[in-house]
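Quick look at model_12.pdb (PDB, C-alpha atoms, pLDDT in the B column):
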ATOM      1  CA  TYR A 233      93.397  84.123  82.026  1.00 88.00           C
ATOM      2  CA  ILE A 234      96.630  82.432  80.924  1.00 89.00           C
ATOM      3  CA  LEU A 235      97.454  85.319  78.573  1.00 91.00           C
ATOM      4  CA  SER A 236      96.956  87.849  81.373  1.00 91.00           C
ATOM      5  CA  ALA A 237      99.243  85.789  83.660  1.00 88.00           C
ATOM      6  CA  ALA A 238     101.891  85.501  80.934  1.00 89.00           C
ATOM      7  CA  THR A 239     101.856  89.281  80.391  1.00 90.00           C
ATOM      8  CA  PHE A 240     101.755  90.068  84.159  1.00 90.00           C
ATOM      9  CA  THR A 241      98.497  92.013  83.718  1.00 91.00           C
ATOM     10  CA  HIS A 242      96.444  89.588  85.814  1.00 92.00           C
ATOM     11  CA  GLY A 243      96.671  91.860  88.863  1.00 91.00           C
ATOM     12  CA  TRP A 244      94.078  94.261  87.454  1.00 92.00           C
ATOM     13  CA  HIS A 245      90.971  92.066  87.498  1.00 92.00           C
ATOM     14  CA  PRO A 246      89.279  90.317  90.457  1.00 91.00           C
ATOM     15  CA  GLU A 247      88.952  86.993  88.621  1.00 91.00           C
ATOM     16  CA  THR A 248      92.532  86.774  87.330  1.00 91.00           C
ATOM     17  CA  ILE A 249      94.660  88.186  90.146  1.00 90.00           C
ATOM     18  CA  ASN A 250      95.052  84.729  91.744  1.00 86.00           C
ATOM     19  CA  SER A 251      93.476  82.426  89.184  1.00 83.00           C
ATOM     20  CA  ILE A 252      96.289  80.662  87.287  1.00 81.00           C
ATOM     21  CA  VAL A 253      99.265  80.491  89.653  1.00 80.00           C
ATOM     22  CA  PRO A 254      98.629  80.345  93.441  1.00 77.00           C
ATOM     23  CA  GLY A 255      99.895  83.516  95.084  1.00 80.00           C
ATOM     24  CA  SER A 256     100.532  85.113  91.688  1.00 85.00           C
ATOM     25  CA  TRP A 257      99.077  88.417  92.906  1.00 90.00           C
ATOM     26  CA  SER A 258     102.543  89.194  94.274  1.00 89.00           C
ATOM     27  CA  ILE A 259     104.157  88.598  90.863  1.00 89.00           C
ATOM     28  CA  ALA A 260     101.659  90.963  89.228  1.00 92.00           C
ATOM     29  CA  VAL A 261     102.328  93.621  91.872  1.00 92.00           C
ATOM     30  CA  GLU A 262     106.108  93.220  91.613  1.00 92.00           C
ATOM     31  CA  PHE A 263     106.185  93.551  87.844  1.00 92.00           C
ATOM     32  CA  THR A 264     103.943  96.637  87.969  1.00 93.00           C
ATOM     33  CA  PHE A 265     106.380  98.117  90.483  1.00 93.00           C
ATOM     34  CA  TYR A 266     109.354  97.218  88.249  1.00 91.00           C
ATOM     35  CA  LEU A 267     107.612  99.117  85.447  1.00 92.00           C
ATOM     36  CA  THR A 268     107.415 102.265  87.613  1.00 92.00           C
ATOM     37  CA  LEU A 269     110.896 101.883  89.116  1.00 90.00           C
ATOM     38  CA  PRO A 270     112.902 103.867  86.492  1.00 89.00           C
ATOM     39  CA  PHE A 271     110.585 106.858  87.031  1.00 92.00           C
ATOM     40  CA  LEU A 272     110.778 106.515  90.822  1.00 92.00           C
ATOM     41  CA  PHE A 273     114.590 106.472  90.689  1.00 88.00           C
ATOM     42  CA  LYS A 274     114.503 109.834  88.935  1.00 90.00           C
ATOM     43  CA  LEU A 275     111.818 111.383  91.132  1.00 91.00           C
ATOM     44  CA  ILE A 276     112.935 110.141  94.576  1.00 93.00           C
ATOM     45  CA  ASN A 277     116.612 110.912  95.120  1.00 90.00           C
ATOM     46  CA  ASN A 278     116.771 111.538  98.880  1.00 90.00           C
ATOM     47  CA  LYS A 279     115.150 110.305 102.099  1.00 88.00           C
ATOM     48  CA  GLU A 280     112.931 113.393 102.480  1.00 91.00           C
ATOM     49  CA  LYS A 281     111.325 112.716  99.093  1.00 93.00           C
ATOM     50  CA  GLY A 282     111.125 109.047 100.055  1.00 92.00           C
ATOM     51  CA  ILE A 283     109.132 109.902 103.206  1.00 92.00           C
ATOM     52  CA  LEU A 284     106.841 112.197 101.201  1.00 94.00           C
ATOM     53  CA  PHE A 285     106.324 109.393  98.680  1.00 94.00           C
ATOM     54  CA  LEU A 286     105.433 106.980 101.502  1.00 91.00           C
ATOM     55  CA  ILE A 287     102.830 109.448 102.842  1.00 90.00           C
ATOM     56  CA  PHE A 288     101.520 109.948  99.290  1.00 92.00           C
ATOM     57  CA  THR A 289     101.137 106.179  98.764  1.00 91.00           C
ATOM     58  CA  LEU A 290      99.171 105.870 102.025  1.00 87.00           C
ATOM     59  CA  ILE A 291      96.759 108.600 100.905  1.00 87.00           C
ATOM     60  CA  ILE A 292      96.429 107.129  97.405  1.00 86.00           C
ATOM     61  CA  ASN A 293      96.047 103.686  98.968  1.00 83.00           C
ATOM     62  CA  TYR A 294      93.059 104.773 101.025  1.00 79.00           C
ATOM     63  CA  PHE A 295      91.120 106.639  98.344  1.00 83.00           C
ATOM     64  CA  ILE A 296      91.901 104.459  95.307  1.00 85.00           C
ATOM     65  CA  ASN A 297      91.308 101.179  97.134  1.00 80.00           C
ATOM     66  CA  GLY A 298      87.965 102.474  98.329  1.00 81.00           C
ATOM     67  CA  TRP A 299      87.055 103.419  94.779  1.00 87.00           C
ATOM     68  CA  ILE A 300      88.288 100.069  93.379  1.00 87.00           C
ATOM     69  CA  TYR A 301      86.166  98.144  95.883  1.00 86.00           C
ATOM     70  CA  GLN A 302      83.041 100.195  95.203  1.00 87.00           C
ATOM     71  CA  TYR A 303      83.519  99.954  91.434  1.00 89.00           C
ATOM     72  CA  TRP A 304      83.975  96.162  91.244  1.00 92.00           C
ATOM     73  CA  ALA A 305      81.347  95.435  93.909  1.00 90.00           C
ATOM     74  CA  GLY A 306      78.688  96.528  91.425  1.00 89.00           C
ATOM     75  CA  PHE A 307      79.559  93.617  89.113  1.00 91.00           C
ATOM     76  CA  TYR A 308      79.339  90.755  91.609  1.00 91.00           C
ATOM     77  CA  PRO A 309      76.657  89.216  93.846  1.00 91.00           C
ATOM     78  CA  LYS A 310      77.172  89.209  97.599  1.00 89.00           C
ATOM     79  CA  GLU A 311      78.550  85.649  97.677  1.00 90.00           C
ATOM     80  CA  GLN A 312      81.345  86.633  95.244  1.00 91.00           C
ATOM     81  CA  LEU A 313      82.477  89.810  96.961  1.00 89.00           C
ATOM     82  CA  TYR A 314      85.524  87.900  98.203  1.00 89.00           C
ATOM     83  CA  LEU A 315      86.884  88.441  94.664  1.00 90.00           C
ATOM     84  CA  VAL A 316      86.456  92.190  95.067  1.00 90.00           C
ATOM     85  CA  TRP A 317      88.100  92.078  98.489  1.00 88.00           C
ATOM     86  CA  GLY A 318      90.990  90.158  96.849  1.00 88.00           C
ATOM     87  CA  ILE A 319      91.779  92.840  94.295  1.00 89.00           C
ATOM     88  CA  SER A 320      91.425  95.566  96.957  1.00 87.00           C
ATOM     89  CA  TYR A 321      93.777  93.849  99.386  1.00 86.00           C
ATOM     90  CA  TYR A 322      96.250  92.176  97.020  1.00 89.00           C
ATOM     91  CA  GLY A 323      96.190  94.881  94.340  1.00 90.00           C
ATOM     92  CA  PHE A 324      99.054  97.178  93.415  1.00 92.00           C
ATOM     93  CA  PHE A 325      97.852 100.295  95.243  1.00 90.00           C
ATOM     94  CA  ASN A 326      97.380  98.470  98.542  1.00 88.00           C
ATOM     95  CA  GLN A 327     100.899  97.037  98.306  1.00 90.00           C
ATOM     96  CA  LEU A 328     102.583 100.242  97.083  1.00 91.00           C
ATOM     97  CA  PRO A 329     103.293 101.605 100.620  1.00 91.00           C
ATOM     98  CA  VAL A 330     105.351  98.431 101.233  1.00 92.00           C
ATOM     99  CA  PHE A 331     107.621  99.308  98.299  1.00 93.00           C
ATOM    100  CA  ALA A 332     107.689 102.921  99.490  1.00 93.00           C
ATOM    101  CA  SER A 333     108.959 101.736 102.891  1.00 92.00           C
ATOM    102  CA  GLY A 334     111.816  99.961 101.096  1.00 92.00           C
ATOM    103  CA  ILE A 335     112.657 103.128  99.130  1.00 93.00           C
ATOM    104  CA  VAL A 336     112.802 105.152 102.357  1.00 92.00           C
ATOM    105  CA  LEU A 337     115.055 102.494 103.923  1.00 91.00           C
ATOM    106  CA  PHE A 338     117.353 102.571 100.873  1.00 91.00           C
ATOM    107  CA  HIS A 339     117.846 106.332 101.186  1.00 90.00           C
ATOM    108  CA  PHE A 340     118.508 106.021 104.936  1.00 87.00           C
ATOM    109  CA  PHE A 341     121.249 103.491 104.115  1.00 86.00           C
ATOM    110  CA  LYS A 342     122.766 105.648 101.374  1.00 83.00           C
ATOM    111  CA  GLY A 343     125.899 107.329 102.662  1.00 73.00           C
ATOM    112  CA  HIS A 344     125.070 106.373 106.254  1.00 74.00           C
ATOM    113  CA  THR A 345     127.782 105.307 108.695  1.00 74.00           C
ATOM    114  CA  PHE A 346     126.596 102.723 111.216  1.00 74.00           C
ATOM    115  CA  ASN A 347     127.871 102.791 114.808  1.00 74.00           C
ATOM    116  CA  ASN A 348     127.731  98.959 115.198  1.00 73.00           C
ATOM    117  CA  GLN A 349     126.414  99.298 118.748  1.00 79.00           C
ATOM    118  CA  LYS A 350     124.479  96.228 119.887  1.00 84.00           C
ATOM    119  CA  LEU A 351     122.200  98.258 122.175  1.00 84.00           C
ATOM    120  CA  THR A 352     121.028 100.440 119.280  1.00 83.00           C
ATOM    121  CA  SER A 353     120.263  97.374 117.166  1.00 87.00           C
ATOM    122  CA  LEU A 354     118.452  95.653 120.053  1.00 89.00           C
ATOM    123  CA  LEU A 355     116.215  98.704 120.519  1.00 90.00           C
ATOM    124  CA  TYR A 356     115.302  98.667 116.814  1.00 88.00           C
ATOM    125  CA  ILE A 357     114.623  94.913 116.977  1.00 91.00           C
ATOM    126  CA  LEU A 358     112.360  95.389 120.013  1.00 92.00           C
ATOM    127  CA  LEU A 359     110.539  98.177 118.174  1.00 91.00           C
ATOM    128  CA  SER A 360     110.109  95.881 115.184  1.00 91.00           C
ATOM    129  CA  VAL A 361     108.677  93.094 117.376  1.00 90.00           C
ATOM    130  CA  PHE A 362     106.354  95.569 119.108  1.00 89.00           C
ATOM    131  CA  LEU A 363     104.993  96.766 115.746  1.00 88.00           C
ATOM    132  CA  MET A 364     104.413  93.165 114.577  1.00 86.00           C
ATOM    133  CA  ILE A 365     102.488  92.373 117.758  1.00 85.00           C
ATOM    134  CA  ALA A 366     100.540  95.633 117.417  1.00 81.00           C
ATOM    135  CA  ALA A 367      99.680  94.740 113.803  1.00 77.00           C
ATOM    136  CA  ASP A 368      97.789  91.656 114.990  1.00 73.00           C
ATOM    137  CA  ASN A 369      95.587  93.894 117.129  1.00 69.00           C
ATOM    138  CA  TRP A 370      95.185  96.643 114.532  1.00 63.00           C
ATOM    139  CA  VAL A 371      91.505  97.573 114.445  1.00 53.00           C
ATOM    140  CA  TYR A 372      91.395  99.443 111.144  1.00 52.00           C
ATOM    141  CA  GLN A 373      91.770  96.967 108.296  1.00 53.00           C
ATOM    142  CA  LYS A 374      89.171  97.999 105.720  1.00 53.00           C
ATOM    143  CA  TYR A 375      91.580  98.670 102.858  1.00 49.00           C
ATOM    144  CA  THR A 376      94.954  99.199 104.520  1.00 54.00           C
ATOM    145  CA  GLY A 377      96.441  98.222 107.845  1.00 68.00           C
ATOM    146  CA  LYS A 378      98.537  95.222 108.775  1.00 80.00           C
ATOM    147  CA  ILE A 379     100.716  95.022 105.684  1.00 82.00           C
ATOM    148  CA  VAL A 380     101.920  98.624 106.045  1.00 83.00           C
ATOM    149  CA  ILE A 381     102.737  98.126 109.730  1.00 86.00           C
ATOM    150  CA  TYR A 382     104.609  94.910 108.926  1.00 88.00           C
ATOM    151  CA  ALA A 383     106.550  96.710 106.172  1.00 89.00           C
ATOM    152  CA  VAL A 384     107.668  99.401 108.628  1.00 88.00           C
ATOM    153  CA  ALA A 385     108.462  96.728 111.255  1.00 91.00           C
ATOM    154  CA  PHE A 386     110.682  94.820 108.828  1.00 92.00           C
ATOM    155  CA  ALA A 387     112.335  98.092 107.773  1.00 91.00           C
ATOM    156  CA  PHE A 388     113.364  98.623 111.417  1.00 91.00           C
ATOM    157  CA  LEU A 389     114.586  95.014 111.612  1.00 92.00           C
ATOM    158  CA  ILE A 390     116.685  95.409 108.442  1.00 90.00           C
ATOM    159  CA  TYR A 391     118.118  98.676 109.757  1.00 88.00           C
ATOM    160  CA  ALA A 392     119.001  96.976 113.053  1.00 89.00           C
ATOM    161  CA  LEU A 393     120.812  94.098 111.300  1.00 88.00           C
ATOM    162  CA  ALA A 394     122.664  96.502 109.014  1.00 87.00           C
ATOM    163  CA  ASN A 395     123.906  98.254 112.137  1.00 85.00           C
ATOM    164  CA  ASN A 396     124.873  95.021 113.920  1.00 84.00           C
ATOM    165  CA  SER A 397     124.261  91.614 112.361  1.00 80.00           C
ATOM    166  CA  PHE A 398     123.538  89.245 115.241  1.00 84.00           C
ATOM    167  CA  SER A 399     124.541  85.669 114.432  1.00 85.00           C
ATOM    168  CA  PHE A 400     121.037  84.470 115.362  1.00 86.00           C
ATOM    169  CA  PHE A 401     119.702  86.380 112.340  1.00 87.00           C
ATOM    170  CA  VAL A 402     122.737  86.489 110.040  1.00 88.00           C
ATOM    171  CA  ASN A 403     124.572  83.166 109.773  1.00 90.00           C
ATOM    172  CA  PRO A 404     125.581  80.685 107.026  1.00 92.00           C
ATOM    173  CA  VAL A 405     122.097  79.073 107.012  1.00 90.00           C
ATOM    174  CA  THR A 406     120.164  82.353 106.659  1.00 91.00           C
ATOM    175  CA  LYS A 407     122.653  83.669 104.079  1.00 92.00           C
ATOM    176  CA  PHE A 408     122.300  80.506 101.988  1.00 93.00           C
ATOM    177  CA  THR A 409     118.503  80.660 102.335  1.00 93.00           C
ATOM    178  CA  GLY A 410     118.584  84.311 101.284  1.00 92.00           C
ATOM    179  CA  LYS A 411     120.508  83.441  98.139  1.00 92.00           C
ATOM    180  CA  LEU A 412     117.874  80.829  97.237  1.00 93.00           C
ATOM    181  CA  SER A 413     114.869  82.796  98.502  1.00 92.00           C
ATOM    182  CA  TYR A 414     113.630  84.025  95.129  1.00 89.00           C
ATOM    183  CA  SER A 415     113.673  80.521  93.658  1.00 92.00           C
ATOM    184  CA  MET A 416     112.060  79.177  96.842  1.00 93.00           C
ATOM    185  CA  TYR A 417     109.365  81.825  96.586  1.00 88.00           C
ATOM    186  CA  PHE A 418     108.448  80.675  93.076  1.00 85.00           C
ATOM    187  CA  ILE A 419     108.276  76.950  93.779  1.00 89.00           C
ATOM    188  CA  HIS A 420     107.035  76.627  97.356  1.00 88.00           C
ATOM    189  CA  PHE A 421     103.364  76.515  96.301  1.00 85.00           C
ATOM    190  CA  ALA A 422     104.112  73.549  94.022  1.00 87.00           C
ATOM    191  CA  VAL A 423     105.803  71.783  96.959  1.00 89.00           C
ATOM    192  CA  LEU A 424     102.839  72.534  99.235  1.00 86.00           C
ATOM    193  CA  ASN A 425     100.357  71.244  96.633  1.00 84.00           C
ATOM    194  CA  TYR A 426     102.354  68.031  96.304  1.00 85.00           C
ATOM    195  CA  PHE A 427     102.286  67.373 100.045  1.00 83.00           C
ATOM    196  CA  VAL A 428      98.576  68.245 100.313  1.00 80.00           C
ATOM    197  CA  ARG A 429      97.737  65.245  98.073  1.00 78.00           C
ATOM    198  CA  TYR A 430      98.965  62.887 100.784  1.00 73.00           C
ATOM    199  CA  ASP A 431      97.221  64.578 103.722  1.00 71.00           C
ATOM    200  CA  PHE A 432     100.668  65.674 104.852  1.00 70.00           C
ATOM    201  CA  PHE A 433      99.282  68.538 106.903  1.00 65.00           C
ATOM    202  CA  GLY A 434      97.537  66.075 109.152  1.00 66.00           C
ATOM    203  CA  LEU A 435     100.782  66.552 111.090  1.00 66.00           C
ATOM    204  CA  SER A 436      99.397  69.855 112.329  1.00 61.00           C
ATOM    205  CA  GLY A 437      97.000  67.746 114.411  1.00 66.00           C
ATOM    206  CA  PHE A 438     100.002  67.163 116.684  1.00 67.00           C
ATOM    207  CA  LYS A 439      99.846  70.870 117.459  1.00 72.00           C
ATOM    208  CA  THR A 440     103.097  72.836 117.777  1.00 77.00           C
ATOM    209  CA  PHE A 441     105.489  69.909 117.335  1.00 79.00           C
ATOM    210  CA  GLY A 442     103.642  68.502 114.312  1.00 77.00           C
ATOM    211  CA  THR A 443     103.368  71.926 112.672  1.00 78.00           C
ATOM    212  CA  PHE A 444     107.079  72.536 113.205  1.00 83.00           C
ATOM    213  CA  ILE A 445     107.974  69.153 111.632  1.00 82.00           C
ATOM    214  CA  ALA A 446     105.679  69.879 108.652  1.00 82.00           C
ATOM    215  CA  LEU A 447     107.276  73.312 108.229  1.00 85.00           C
ATOM    216  CA  LEU A 448     110.785  71.847 108.405  1.00 88.00           C
ATOM    217  CA  ILE A 449     110.044  69.151 105.797  1.00 87.00           C
ATOM    218  CA  VAL A 450     108.455  71.678 103.406  1.00 89.00           C
ATOM    219  CA  PHE A 451     111.340  74.126 103.952  1.00 92.00           C
ATOM    220  CA  ILE A 452     114.064  71.532 103.265  1.00 92.00           C
ATOM    221  CA  SER A 453     112.202  70.082 100.258  1.00 93.00           C
ATOM    222  CA  THR A 454     111.730  73.549  98.789  1.00 94.00           C
ATOM    223  CA  MET A 455     115.367  74.410  99.378  1.00 94.00           C
ATOM    224  CA  ILE A 456     116.637  71.252  97.618  1.00 95.00           C
ATOM    225  CA  ILE A 457     114.555  72.021  94.505  1.00 95.00           C
ATOM    226  CA  ALA A 458     115.510  75.713  94.709  1.00 95.00           C
ATOM    227  CA  VAL A 459     119.226  74.815  94.546  1.00 95.00           C
ATOM    228  CA  ILE A 460     118.526  73.216  91.149  1.00 95.00           C
ATOM    229  CA  THR A 461     116.317  76.031  89.805  1.00 94.00           C
ATOM    230  CA  TYR A 462     118.714  78.688  91.134  1.00 94.00           C
ATOM    231  CA  ASN A 463     121.619  77.231  89.171  1.00 94.00           C
ATOM    232  CA  LEU A 464     119.723  76.176  86.032  1.00 93.00           C
ATOM    233  CA  VAL A 465     117.239  79.046  85.706  1.00 93.00           C
ATOM    234  CA  GLU A 466     117.785  82.026  88.017  1.00 93.00           C
ATOM    235  CA  LYS A 467     121.547  82.470  87.535  1.00 93.00           C
ATOM    236  CA  LYS A 468     121.154  82.163  83.760  1.00 93.00           C
ATOM    237  CA  GLY A 469     118.353  84.735  83.848  1.00 92.00           C
ATOM    238  CA  ILE A 470     120.513  87.120  85.891  1.00 92.00           C
ATOM    239  CA  ALA A 471     123.398  86.649  83.438  1.00 94.00           C
ATOM    240  CA  LEU A 472     121.080  87.360  80.497  1.00 94.00           C
ATOM    241  CA  GLY A 473     119.755  90.491  82.221  1.00 91.00           C
ATOM    242  CA  ARG A 474     123.300  91.764  82.823  1.00 93.00           C
ATOM    243  CA  TYR A 475     124.196  91.085  79.198  1.00 93.00           C
ATOM    244  CA  VAL A 476     121.178  93.066  77.946  1.00 92.00           C
ATOM    245  CA  ILE A 477     121.901  95.970  80.329  1.00 90.00           C
ATOM    246  CA  LYS A 478     125.562  95.992  79.248  1.00 90.00           C
ATOM    247  CA  LYS A 479     124.491  96.126  75.590  1.00 88.00           C
ATOM    248  CA  ILE A 480     122.072  98.980  76.270  1.00 87.00           C
ATOM    249  CA  ASP A 481     124.714 100.880  78.263  1.00 85.00           C
ATOM    250  CA  SER A 482     127.391 100.420  75.617  1.00 83.00           C
ATOM    251  CA  GLY A 483     124.912 101.548  72.948  1.00 71.00           C
ATOM    252  CA  GLY A 484     124.130 104.674  74.945  1.00 58.00           C
ATOM    253  CA  ALA A 485     127.827 105.363  75.468  1.00 51.00           C
ATOM    254  CA  SER A 486     128.562 105.071  71.729  1.00 51.00           C
ATOM    255  CA  GLU A 487     125.676 107.461  70.972  1.00 53.00           C
ATOM    256  CA  ASN A 488     127.103 110.004  73.433  1.00 52.00           C
ATOM    257  CA  LEU A 489     130.525 109.748  71.775  1.00 43.00           C
ATOM    258  CA  LYS A 490     128.962 110.653  68.423  1.00 50.00           C
TER
END
What do you get writing this file as structure tokens?
Amino acid sequence: YILSAATFTHGWHPETINSIVPGSWSIAVEFTFYLTLPFLFKLINNKEKGILFLIFTLIINYFINGWIYQYWAGFYPKEQLYLVWGISYYGFFNQLPVFASGIVLFHFFKGHTFNNQKLTSLLYILLSVFLMIAADNWVYQKYTGKIVIYAVAFAFLIYALANNSFSFFVNPVTKFTGKLSYSMYFIHFAVLNYFVRYDFFGLSGFKTFGTFIALLIVFISTMIIAVITYNLVEKKGIALGRYVIKKIDSGGASENLK
């Protein structure tokens, strides 16, 4: 299990997809997507191809997820079918339309001139909110459903903020949080597990106010640790990645000169 997590292959088996690191299904999915990204950059070079790719991922999502569920269901008793559901829902093919939505959004941004009109952005924000509300009432959720609708909803929200960045959404706090978000994403489960030991979430018994206080404490605690990991780990990793890419590029350039 540890070896599969270390090699990012844990997303391909029901028992490993979430077994070592809580929420690690997303890491497995991301790294699988990173592996396909160079090919996707070559294949999808405009928004029309992006839309076709999104449609393709939805079709593949439906048929492959159905096959994955049926295949693995034969290996587990009824009381362990939650494992099979896990790999169907959290697996790469079910999440692929989310990445496809981002690719479509990227190509809509490319070379686009925004009009900066607040009304246009407000309409897109309202559409985004409507889709999120609709997702909670979405009846078809066997293999696909909510996550795709949420992906499209957030795509509209991002487009709206690119057109006109309202200070409620884009401000020094959200910008700073955005910079730390990847580090926060990696460590927030550790923070949650720490607080769980002390029955911290008993605060939720105070309903909305207690839940908000719990959320705020977890958020601030995660952010403080993320500042440290961002500077000591993430920035160094980014610098190393840039160095490797620069070396590869310079090597390619020297080969072309020959």
One decimal, in Å: what's the spacing between atom CA of A:Leu472 and atom CA of A:Ile460?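 One can read the atom CA of A:Leu472 to atom CA of A:Ile460 distance as 17.9 Å.
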Separation of atom CA of A:Lys281 from atom CA of A:Thr352 in Å: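 Answer for the atom CA of A:Thr352 to atom CA of A:Lys281 separation: 25.5 Å.
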When distances are computed from only C-alpha atoms, which of A:Ala237, A:Leu275, A:Ser258, A:Glu247 shows the smallest separation from A:Phe307?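 When distances to A:Phe307 are compared using only C-alpha atoms, the smallest one comes from A:Glu247.
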Using the chain letters and numbering of this document, enumerate as a ChimeraX atom specification the residues selected by the PyMOL selection byres ((chain A and resi 321) around 12). /A:243-244,246,249-250,257-258,261,293-294,296-298,300-301,314-320,322-328,373-380
Picked residues, the PyMOL selection byres ((chain A and resi 414) around 12), expected as a PDB file with C-alpha atoms, keeping the file's coordinate frame:
ATOM      1  CA  ILE A 259     104.157  88.598  90.863  1.00 89.00           C
ATOM      2  CA  PHE A 408     122.300  80.506 101.988  1.00 93.00           C
ATOM      3  CA  THR A 409     118.503  80.660 102.335  1.00 93.00           C
ATOM      4  CA  GLY A 410     118.584  84.311 101.284  1.00 92.00           C
ATOM      5  CA  LYS A 411     120.508  83.441  98.139  1.00 92.00           C
ATOM      6  CA  LEU A 412     117.874  80.829  97.237  1.00 93.00           C
ATOM      7  CA  SER A 413     114.869  82.796  98.502  1.00 92.00           C
ATOM      8  CA  SER A 415     113.673  80.521  93.658  1.00 92.00           C
ATOM      9  CA  MET A 416     112.060  79.177  96.842  1.00 93.00           C
ATOM     10  CA  TYR A 417     109.365  81.825  96.586  1.00 88.00           C
ATOM     11  CA  PHE A 418     108.448  80.675  93.076  1.00 85.00           C
ATOM     12  CA  ILE A 419     108.276  76.950  93.779  1.00 89.00           C
ATOM     13  CA  HIS A 420     107.035  76.627  97.356  1.00 88.00           C
ATOM     14  CA  THR A 454     111.730  73.549  98.789  1.00 94.00           C
ATOM     15  CA  MET A 455     115.367  74.410  99.378  1.00 94.00           C
ATOM     16  CA  ALA A 458     115.510  75.713  94.709  1.00 95.00           C
ATOM     17  CA  VAL A 459     119.226  74.815  94.546  1.00 95.00           C
ATOM     18  CA  THR A 461     116.317  76.031  89.805  1.00 94.00           C
ATOM     19  CA  TYR A 462     118.714  78.688  91.134  1.00 94.00           C
ATOM     20  CA  VAL A 465     117.239  79.046  85.706  1.00 93.00           C
ATOM     21  CA  GLU A 466     117.785  82.026  88.017  1.00 93.00           C
ATOM     22  CA  LYS A 467     121.547  82.470  87.535  1.00 93.00           C
ATOM     23  CA  ILE A 470     120.513  87.120  85.891  1.00 92.00           C
TER      24      ILE A 470
END
